[in-house]
file model.tsv (TSV, N, CA and C atoms)
chain	number	residue	atom	x	y	z
A	1	GLY	N	-10.39	2.35	14.82
A	1	GLY	CA	-10.81	0.98	14.87
A	1	GLY	C	-11.52	0.57	13.60
A	2	THR	N	-11.95	-0.67	13.59
A	2	THR	CA	-12.64	-1.22	12.43
A	2	THR	C	-14.12	-1.29	12.71
A	3	PRO	N	-14.95	-0.64	11.91
A	3	PRO	CA	-16.39	-0.74	12.11
A	3	PRO	C	-16.89	-2.13	11.76
A	4	PRO	N	-18.10	-2.49	12.21
A	4	PRO	CA	-18.62	-3.82	11.89
A	4	PRO	C	-18.77	-4.00	10.39
A	5	GLY	N	-18.72	-5.26	9.95
A	5	GLY	CA	-18.96	-5.55	8.54
A	5	GLY	C	-17.69	-5.66	7.73
A	6	GLY	N	-16.52	-5.63	8.38
A	6	GLY	CA	-15.27	-5.84	7.67
A	6	GLY	C	-14.81	-4.67	6.83
A	7	HIS	N	-15.30	-3.48	7.11
A	7	HIS	CA	-14.82	-2.31	6.38
A	7	HIS	C	-13.78	-1.61	7.22
A	8	VAL	N	-12.70	-1.18	6.59
A	8	VAL	CA	-11.61	-0.54	7.32
A	8	VAL	C	-11.74	0.97	7.17
A	9	ALA	N	-11.88	1.65	8.30
A	9	ALA	CA	-12.00	3.11	8.28
A	9	ALA	C	-10.61	3.72	8.20
A	10	ILE	N	-10.40	4.61	7.25
A	10	ILE	CA	-9.09	5.22	7.07
A	10	ILE	C	-9.25	6.73	6.99
A	11	ALA	N	-8.52	7.42	7.83
A	11	ALA	CA	-8.55	8.88	7.83
A	11	ALA	C	-7.99	9.39	6.50
A	12	GLU	N	-8.47	10.52	6.07
A	12	GLU	CA	-7.99	11.12	4.82
A	12	GLU	C	-6.52	11.52	4.95
A	13	SER	N	-5.71	11.09	4.02
A	13	SER	CA	-4.31	11.51	3.91
A	13	SER	C	-3.57	11.48	5.24
A	14	ASP	N	-3.51	10.30	5.85
A	14	ASP	CA	-2.83	10.22	7.15
A	14	ASP	C	-1.37	9.81	7.00
A	15	GLY	N	-0.90	9.60	5.76
A	15	GLY	CA	0.51	9.32	5.55
A	15	GLY	C	0.98	7.98	6.06
A	16	ARG	N	0.07	7.02	6.18
A	16	ARG	CA	0.43	5.69	6.64
A	16	ARG	C	-0.12	4.64	5.69
A	17	LEU	N	0.52	3.49	5.68
A	17	LEU	CA	-0.03	2.34	4.98
A	17	LEU	C	-0.86	1.55	5.97
A	18	ARG	N	-2.05	1.18	5.58
A	18	ARG	CA	-2.93	0.40	6.45
A	18	ARG	C	-3.24	-0.93	5.79
A	19	LEU	N	-3.15	-1.99	6.58
A	19	LEU	CA	-3.50	-3.31	6.09
A	19	LEU	C	-5.02	-3.38	5.97
A	20	VAL	N	-5.53	-3.66	4.77
A	20	VAL	CA	-6.98	-3.73	4.58
A	20	VAL	C	-7.46	-5.15	4.28
A	21	ALA	N	-6.55	-6.04	3.83
A	21	ALA	CA	-6.93	-7.43	3.58
A	21	ALA	C	-5.70	-8.31	3.76
A	22	SER	N	-5.89	-9.48	4.41
A	22	SER	CA	-4.78	-10.39	4.66
A	22	SER	C	-5.32	-11.81	4.85
A	23	PRO	N	-4.43	-12.82	4.74
A	23	PRO	CA	-4.91	-14.21	4.83
A	23	PRO	C	-5.64	-14.54	6.13
A	24	GLN	N	-5.19	-13.99	7.26
A	24	GLN	CA	-5.82	-14.31	8.55
A	24	GLN	C	-6.72	-13.20	9.06
A	25	GLY	N	-6.97	-12.18	8.26
A	25	GLY	CA	-7.77	-11.05	8.73
A	25	GLY	C	-7.05	-10.30	9.85
A	26	ARG	N	-5.72	-10.25	9.76
A	26	ARG	CA	-4.88	-9.64	10.80
A	26	ARG	C	-5.22	-8.16	11.00
A	27	ASP	N	-5.13	-7.71	12.23
A	27	ASP	CA	-5.32	-6.31	12.59
A	27	ASP	C	-6.66	-5.75	12.11
A	28	GLY	N	-7.69	-6.57	12.14
A	28	GLY	CA	-9.03	-6.12	11.76
A	28	GLY	C	-9.23	-5.99	10.26
A	29	SER	N	-8.30	-6.54	9.47
A	29	SER	CA	-8.44	-6.46	8.01
A	29	SER	C	-9.44	-7.50	7.51
A	30	ILE	N	-9.83	-7.33	6.26
A	30	ILE	CA	-10.72	-8.30	5.60
A	30	ILE	C	-9.92	-9.57	5.35
A	31	THR	N	-10.53	-10.74	5.55
A	31	THR	CA	-9.84	-12.01	5.34
A	31	THR	C	-9.79	-12.37	3.86
A	32	LEU	N	-8.58	-12.65	3.38
A	32	LEU	CA	-8.37	-13.12	2.01
A	32	LEU	C	-8.05	-14.59	2.05
A	33	HIS	N	-8.59	-15.36	1.13
A	33	HIS	CA	-8.25	-16.78	1.04
A	33	HIS	C	-7.14	-16.94	0.00
A	34	ALA	N	-6.06	-16.21	0.22
A	34	ALA	CA	-4.90	-16.24	-0.68
A	34	ALA	C	-3.70	-15.73	0.10
A	35	ASP	N	-2.49	-16.08	-0.37
A	35	ASP	CA	-1.26	-15.63	0.28
A	35	ASP	C	-0.91	-14.24	-0.24
A	36	ALA	N	-1.70	-13.27	0.17
A	36	ALA	CA	-1.50	-11.90	-0.29
A	36	ALA	C	-1.97	-10.94	0.80
A	37	GLU	N	-1.38	-9.76	0.80
A	37	GLU	CA	-1.84	-8.69	1.67
A	37	GLU	C	-2.11	-7.47	0.81
A	38	VAL	N	-3.13	-6.72	1.20
A	38	VAL	CA	-3.45	-5.48	0.50
A	38	VAL	C	-3.36	-4.35	1.51
A	39	HIS	N	-2.60	-3.32	1.17
A	39	HIS	CA	-2.44	-2.14	2.01
A	39	HIS	C	-2.96	-0.93	1.25
A	40	LEU	N	-3.58	0.00	1.96
A	40	LEU	CA	-4.07	1.24	1.37
A	40	LEU	C	-3.35	2.40	2.05
A	41	GLY	N	-2.91	3.35	1.25
A	41	GLY	CA	-2.28	4.53	1.81
A	41	GLY	C	-2.82	5.79	1.16
A	42	ARG	N	-3.00	6.82	1.96
A	42	ARG	CA	-3.39	8.14	1.47
A	42	ARG	C	-2.35	9.13	1.95
A	43	PHE	N	-1.75	9.85	1.01
A	43	PHE	CA	-0.61	10.71	1.33
A	43	PHE	C	-0.80	12.09	0.72
A	44	ASP	N	-0.62	13.11	1.54
A	44	ASP	CA	-0.49	14.47	1.03
A	44	ASP	C	0.97	14.66	0.60
A	45	ALA	N	1.22	15.74	-0.12
A	45	ALA	CA	2.59	16.05	-0.53
A	45	ALA	C	3.51	16.06	0.68
A	46	GLY	N	4.63	15.37	0.58
A	46	GLY	CA	5.61	15.34	1.66
A	46	GLY	C	5.42	14.22	2.66
A	47	GLN	N	4.25	13.58	2.70
A	47	GLN	CA	4.06	12.45	3.60
A	47	GLN	C	4.68	11.21	2.96
A	48	SER	N	5.25	10.35	3.77
A	48	SER	CA	5.89	9.15	3.22
A	48	SER	C	5.76	7.98	4.17
A	49	ALA	N	5.94	6.79	3.61
A	49	ALA	CA	5.89	5.56	4.40
A	49	ALA	C	6.78	4.55	3.70
A	50	ARG	N	7.10	3.49	4.42
A	50	ARG	CA	7.88	2.42	3.80
A	50	ARG	C	7.23	1.08	4.14
A	51	HIS	N	7.41	0.14	3.23
A	51	HIS	CA	6.89	-1.22	3.42
A	51	HIS	C	8.06	-2.18	3.23
A	52	GLU	N	8.29	-3.01	4.24
A	52	GLU	CA	9.35	-4.01	4.15
A	52	GLU	C	8.83	-5.20	3.35
A	53	LEU	N	9.57	-5.60	2.32
A	53	LEU	CA	9.17	-6.71	1.47
A	53	LEU	C	10.08	-7.90	1.77
A	54	PRO	N	9.53	-8.96	2.41
A	54	PRO	CA	10.37	-10.10	2.77
A	54	PRO	C	10.99	-10.75	1.53
A	55	PRO	N	12.14	-11.41	1.70
A	55	PRO	CA	12.78	-12.10	0.57
A	55	PRO	C	11.81	-13.07	-0.10
A	56	GLY	N	11.83	-13.09	-1.42
A	56	GLY	CA	10.96	-14.00	-2.17
A	56	GLY	C	9.57	-13.46	-2.42
A	57	ARG	N	9.24	-12.29	-1.84
A	57	ARG	CA	7.92	-11.70	-2.05
A	57	ARG	C	8.02	-10.64	-3.15
A	58	HIS	N	6.89	-10.34	-3.74
A	58	HIS	CA	6.80	-9.35	-4.80
A	58	HIS	C	5.70	-8.36	-4.43
A	59	ALA	N	5.72	-7.21	-5.05
A	59	ALA	CA	4.68	-6.23	-4.77
A	59	ALA	C	4.20	-5.59	-6.06
A	60	TRP	N	2.97	-5.15	-6.03
A	60	TRP	CA	2.39	-4.33	-7.07
A	60	TRP	C	1.84	-3.10	-6.38
A	61	VAL	N	2.23	-1.91	-6.84
A	61	VAL	CA	1.70	-0.67	-6.30
A	61	VAL	C	0.86	-0.02	-7.39
A	62	GLN	N	-0.38	0.29	-7.06
A	62	GLN	CA	-1.31	0.94	-7.99
A	62	GLN	C	-1.69	2.30	-7.43
A	63	VAL	N	-1.49	3.35	-8.22
A	63	VAL	CA	-1.87	4.69	-7.79
A	63	VAL	C	-3.31	4.93	-8.25
A	64	ALA	N	-4.21	5.09	-7.28
A	64	ALA	CA	-5.64	5.28	-7.58
A	64	ALA	C	-5.96	6.74	-7.89
A	65	ARG	N	-5.29	7.66	-7.19
A	65	ARG	CA	-5.50	9.08	-7.49
A	65	ARG	C	-4.28	9.87	-7.07
A	66	GLY	N	-4.16	11.06	-7.63
A	66	GLY	CA	-3.04	11.93	-7.30
A	66	GLY	C	-1.73	11.47	-7.93
A	67	ARG	N	-0.64	11.89	-7.32
A	67	ARG	CA	0.70	11.53	-7.77
A	67	ARG	C	1.52	11.09	-6.57
A	68	ALA	N	2.37	10.09	-6.79
A	68	ALA	CA	3.21	9.58	-5.72
A	68	ALA	C	4.55	9.15	-6.30
A	69	ARG	N	5.54	9.05	-5.42
A	69	ARG	CA	6.85	8.53	-5.82
A	69	ARG	C	7.00	7.17	-5.15
A	70	VAL	N	7.31	6.16	-5.96
A	70	VAL	CA	7.49	4.79	-5.48
A	70	VAL	C	8.92	4.37	-5.80
A	71	ASN	N	9.73	4.19	-4.75
A	71	ASN	CA	11.16	3.88	-4.92
A	71	ASN	C	11.82	4.82	-5.93
A	72	GLY	N	11.48	6.11	-5.81
A	72	GLY	CA	12.11	7.13	-6.63
A	72	GLY	C	11.46	7.37	-7.98
A	73	GLN	N	10.50	6.53	-8.34
A	73	GLN	CA	9.82	6.66	-9.64
A	73	GLN	C	8.50	7.41	-9.45
A	74	GLU	N	8.30	8.49	-10.19
A	74	GLU	CA	7.06	9.25	-10.06
A	74	GLU	C	5.95	8.58	-10.84
A	75	LEU	N	4.81	8.38	-10.17
A	75	LEU	CA	3.65	7.74	-10.78
A	75	LEU	C	2.43	8.63	-10.59
A	76	SER	N	1.51	8.57	-11.55
A	76	SER	CA	0.26	9.33	-11.49
A	76	SER	C	-0.91	8.38	-11.42
A	77	ALA	N	-2.10	8.94	-11.16
A	77	ALA	CA	-3.32	8.13	-11.08
A	77	ALA	C	-3.42	7.21	-12.28
A	78	GLY	N	-3.69	5.94	-12.03
A	78	GLY	CA	-3.82	4.94	-13.09
A	78	GLY	C	-2.54	4.18	-13.35
A	79	ASP	N	-1.40	4.70	-12.86
A	79	ASP	CA	-0.12	4.01	-13.05
A	79	ASP	C	0.05	2.91	-12.02
A	80	GLY	N	0.80	1.88	-12.42
A	80	GLY	CA	1.14	0.81	-11.50
A	80	GLY	C	2.61	0.46	-11.65
A	81	ALA	N	3.16	-0.17	-10.63
A	81	ALA	CA	4.57	-0.57	-10.66
A	81	ALA	C	4.72	-1.95	-10.03
A	82	ALA	N	5.41	-2.85	-10.74
A	82	ALA	CA	5.74	-4.17	-10.21
A	82	ALA	C	7.10	-4.06	-9.54
A	83	ILE	N	7.22	-4.61	-8.34
A	83	ILE	CA	8.46	-4.52	-7.58
A	83	ILE	C	8.86	-5.91	-7.11
A	84	SER	N	10.09	-6.31	-7.46
A	84	SER	CA	10.64	-7.60	-7.03
A	84	SER	C	12.10	-7.38	-6.64
A	85	GLY	N	12.58	-8.17	-5.70
A	85	GLY	CA	13.99	-8.12	-5.34
A	85	GLY	C	14.42	-6.86	-4.61
A	86	GLU	N	13.47	-6.08	-4.11
A	86	GLU	CA	13.79	-4.88	-3.34
A	86	GLU	C	13.35	-5.15	-1.90
A	87	PRO	N	14.23	-4.98	-0.91
A	87	PRO	CA	13.84	-5.27	0.47
A	87	PRO	C	12.87	-4.26	1.06
A	88	THR	N	12.86	-3.03	0.52
A	88	THR	CA	12.01	-1.98	1.06
A	88	THR	C	11.35	-1.22	-0.07
A	89	ILE	N	10.09	-0.89	0.12
A	89	ILE	CA	9.37	-0.04	-0.83
A	89	ILE	C	9.15	1.30	-0.16
A	90	GLU	N	9.67	2.35	-0.78
A	90	GLU	CA	9.55	3.71	-0.25
A	90	GLU	C	8.42	4.41	-1.01
A	91	LEU	N	7.45	4.93	-0.28
A	91	LEU	CA	6.29	5.61	-0.87
A	91	LEU	C	6.27	7.05	-0.38
A	92	GLU	N	6.07	7.97	-1.31
A	92	GLU	CA	6.03	9.38	-0.94
A	92	GLU	C	4.92	10.08	-1.71
A	93	GLY	N	4.07	10.80	-1.00
A	93	GLY	CA	3.02	11.57	-1.64
A	93	GLY	C	3.58	12.80	-2.33
A	94	LEU	N	3.10	13.07	-3.54
A	94	LEU	CA	3.49	14.28	-4.26
A	94	LEU	C	2.32	15.24	-4.37
A	95	ALA	N	1.11	14.70	-4.52
A	95	ALA	CA	-0.09	15.53	-4.62
A	95	ALA	C	-1.31	14.67	-4.33
A	96	GLY	N	-1.88	14.80	-3.15
A	96	GLY	CA	-3.11	14.12	-2.76
A	96	GLY	C	-3.25	12.70	-3.29
A	97	SER	N	-2.32	11.84	-2.95
A	97	SER	CA	-2.31	10.50	-3.55
A	97	SER	C	-3.03	9.47	-2.69
A	98	GLU	N	-3.61	8.52	-3.39
A	98	GLU	CA	-4.19	7.33	-2.77
A	98	GLU	C	-3.64	6.15	-3.55
A	99	LEU	N	-3.08	5.18	-2.84
A	99	LEU	CA	-2.50	4.05	-3.55
A	99	LEU	C	-2.78	2.75	-2.82
A	100	LEU	N	-2.70	1.68	-3.59
A	100	LEU	CA	-2.86	0.34	-3.08
A	100	LEU	C	-1.53	-0.38	-3.26
A	101	LEU	N	-1.11	-1.11	-2.24
A	101	LEU	CA	0.10	-1.92	-2.31
A	101	LEU	C	-0.31	-3.37	-2.09
A	102	PHE	N	-0.02	-4.23	-3.05
A	102	PHE	CA	-0.30	-5.66	-2.96
A	102	PHE	C	1.01	-6.37	-2.69
A	103	ASP	N	1.09	-7.11	-1.56
A	103	ASP	CA	2.25	-7.90	-1.18
A	103	ASP	C	1.93	-9.34	-1.57
A	104	LEU	N	2.68	-9.88	-2.54
A	104	LEU	CA	2.32	-11.14	-3.19
A	104	LEU	C	3.45	-12.16	-3.13
A	105	PRO	N	3.09	-13.46	-3.23
A	105	PRO	CA	4.14	-14.50	-3.24
A	105	PRO	C	4.93	-14.49	-4.54

call {"tool": "encode", "arguments": {"input": "model.tsv", "output": "C-alpha cells"}}
result
Amino acid sequence: GTPPGGHVAIAESDGRLRLVASPQGRDGSITLHADAEVHLGRFDAGQSARHELPPGRHAWVQVARGRARVNGQELSAGDGAAISGEPTIELEGLAGSELLLFDLP
C-alpha cells in the first residue's frame, strides 16, 4: 500500500513497474499537474516488465542504477532513451537495475 504523505513504498527489485506519479493521483500515486505518468521499476538480472505506450504518446526511460535492456538496447546507470512510435516498451534487468519511465504526450 501507500503510506501517508504521498510516498510510494516499493519493494527492492520486485521486477514490476509501479506508477509513482500521474495526473489524477491514480492508484495511490503522487498527483502531477501535467499530462504525464512516472513509473519506477527495480529489476534483478532476468526480471522483466513491459509498458504499453498508447498511440501518440512518447516515453523517456532513465536508468538510475545498474544495467538494463530497453527494447533490446543495453543501458547503464546514467543512460536514458527516448522512445516514440513503439506500441510496447520491453524492460529487462541485467544487473540490479533501477529505472524511471516517463510516459509523455

call {"tool": "residues_around", "arguments": {"input": "model.tsv", "residues": "stretch 81-88 of chain A", "least_positions_apart": "5", "cutoff": "6 Å", "atoms": "all atoms listed in the file", "output": "PDB file with N, CA and C atoms, in the coordinates of the input"}}
result
ATOM      1  N   HIS A  51       7.410   0.140   3.230  1.00  0.00           N
ATOM      2  CA  HIS A  51       6.890  -1.220   3.420  1.00  0.00           C
ATOM      3  C   HIS A  51       8.060  -2.180   3.230  1.00  0.00           C
ATOM      4  N   GLU A  52       8.290  -3.010   4.240  1.00  0.00           N
ATOM      5  CA  GLU A  52       9.350  -4.010   4.150  1.00  0.00           C
ATOM      6  C   GLU A  52       8.830  -5.200   3.350  1.00  0.00           C
ATOM      7  N   LEU A  53       9.570  -5.600   2.320  1.00  0.00           N
ATOM      8  CA  LEU A  53       9.170  -6.710   1.470  1.00  0.00           C
ATOM      9  C   LEU A  53      10.080  -7.900   1.770  1.00  0.00           C
ATOM     10  N   PRO A  54       9.530  -8.960   2.410  1.00  0.00           N
ATOM     11  CA  PRO A  54      10.370 -10.100   2.770  1.00  0.00           C
ATOM     12  C   PRO A  54      10.990 -10.750   1.530  1.00  0.00           C
ATOM     13  N   ARG A  57       9.240 -12.290  -1.840  1.00  0.00           N
ATOM     14  CA  ARG A  57       7.920 -11.700  -2.050  1.00  0.00           C
ATOM     15  C   ARG A  57       8.020 -10.640  -3.150  1.00  0.00           C
ATOM     16  N   HIS A  58       6.890 -10.340  -3.740  1.00  0.00           N
ATOM     17  CA  HIS A  58       6.800  -9.350  -4.800  1.00  0.00           C
ATOM     18  C   HIS A  58       5.700  -8.360  -4.430  1.00  0.00           C
ATOM     19  N   ALA A  59       5.720  -7.210  -5.050  1.00  0.00           N
ATOM     20  CA  ALA A  59       4.680  -6.230  -4.770  1.00  0.00           C
ATOM     21  C   ALA A  59       4.200  -5.590  -6.060  1.00  0.00           C
ATOM     22  N   TRP A  60       2.970  -5.150  -6.030  1.00  0.00           N
ATOM     23  CA  TRP A  60       2.390  -4.330  -7.070  1.00  0.00           C
ATOM     24  C   TRP A  60       1.840  -3.100  -6.380  1.00  0.00           C
ATOM     25  N   VAL A  61       2.230  -1.910  -6.840  1.00  0.00           N
ATOM     26  CA  VAL A  61       1.700  -0.670  -6.300  1.00  0.00           C
ATOM     27  C   VAL A  61       0.860  -0.020  -7.390  1.00  0.00           C
ATOM     28  N   GLN A  62      -0.380   0.290  -7.060  1.00  0.00           N
ATOM     29  CA  GLN A  62      -1.310   0.940  -7.990  1.00  0.00           C
ATOM     30  C   GLN A  62      -1.690   2.300  -7.430  1.00  0.00           C
TER      31      GLN A  62
END

call {"tool": "atom_distance", "arguments": {"input": "model.tsv", "atom1": "atom N of A:Gln24", "atom2": "atom C of A:Leu40"}}
result
17.3 Å

call {"tool": "atom_distance", "arguments": {"input": "model.tsv", "atom1": "atom C of A:Leu104", "atom2": "atom CA of A:Leu32"}}
result
12.9 Å

call {"tool": "residues_around", "arguments": {"input": "model.tsv", "residues": "A:Leu91", "least_positions_apart": "5", "cutoff": "5 Å", "atoms": "all atoms listed in the file", "output": "list in words"}}
result
Ser48, Ala49, Arg50, Arg69 and Val70 of chain A

call {"tool": "residues_around", "arguments": {"input": "model.tsv", "residues": "A:Gly96", "least_positions_apart": "6", "cutoff": "7 Å", "atoms": "all atoms listed in the file", "output": "list in words"}}
result
Arg42, Phe43, Asp44, Ala45, Arg65, Gly66 and Arg67 of chain A

call {"tool": "closest_residue", "arguments": {"input": "model.tsv", "among": "A:Val38, A:Glu74, A:Ala68, A:His33", "to": "A:Ala21", "atoms": "only C-alpha atoms"}}
result
A:Val38

call {"tool": "closest_residue", "arguments": {"input": "model.tsv", "among": "A:Gly78, A:Gly72, A:Gly46, A:His39", "to": "A:Leu99", "atoms": "all atoms listed in the file"}}
result
A:His39

call {"tool": "atom_distance", "arguments": {"input": "model.tsv", "atom1": "atom CA of A:Gly80", "atom2": "atom CA of A:Thr31"}}
result
23.8 Å

call {"tool": "closest_residue", "arguments": {"input": "model.tsv", "among": "A:Asp35, A:Gly15, A:Val20, A:Ile30", "to": "A:Asp103", "atoms": "all atoms listed in the file"}}
result
A:Asp35

call {"tool": "select_by_dssp", "arguments": {"input": "model.tsv", "residues": "chain A", "states": "strand (DSSP E or B)", "output": "MDAnalysis selection string"}}
result
chainID A and resid 17:22 30:31 37:43 48:52 58:70 73:76 80:84 88:104

call {"tool": "closest_residue", "arguments": {"input": "model.tsv", "among": "A:Leu17, A:Ile89, A:Ala64, A:Leu94", "to": "A:Gly41", "atoms": "all atoms listed in the file"}}
result
A:Leu17

call {"tool": "axis_aligned_box", "arguments": {"input": "model.tsv", "around": "stretch 49-55 of chain A", "padding_each_side": "3 Å", "output": "lines of an AutoDock Vina configuration file"}}
result
center_x = 9.3
center_y = -3.1
center_z = 2.2
size_x = 12.9
size_y = 25.9
size_z = 10.5

call {"tool": "residues_around", "arguments": {"input": "model.tsv", "residues": "A:Ala34", "least_positions_apart": "5", "cutoff": "8 Å", "atoms": "all atoms listed in the file", "output": "compact mmCIF listing (two decimals) with N, CA and C atoms, in the frame of the given file"}}
result
# COMPACT_ATOMS: atom_id res chain seq x y z
N SER A 22 -5.89 -9.48 4.41
CA SER A 22 -4.78 -10.39 4.66
C SER A 22 -5.32 -11.81 4.85
N PRO A 23 -4.43 -12.82 4.74
CA PRO A 23 -4.91 -14.21 4.83
C PRO A 23 -5.64 -14.54 6.13
N GLN A 24 -5.19 -13.99 7.26
CA GLN A 24 -5.82 -14.31 8.55
C GLN A 24 -6.72 -13.20 9.06
N PRO A 105 3.09 -13.46 -3.23
CA PRO A 105 4.14 -14.50 -3.24
C PRO A 105 4.93 -14.49 -4.54

call {"tool": "closest_residue", "arguments": {"input": "model.tsv", "among": "A:Asp79, A:Asp27, A:Glu37, A:Pro55", "to": "A:Phe102", "atoms": "all atoms listed in the file"}}
result
A:Glu37
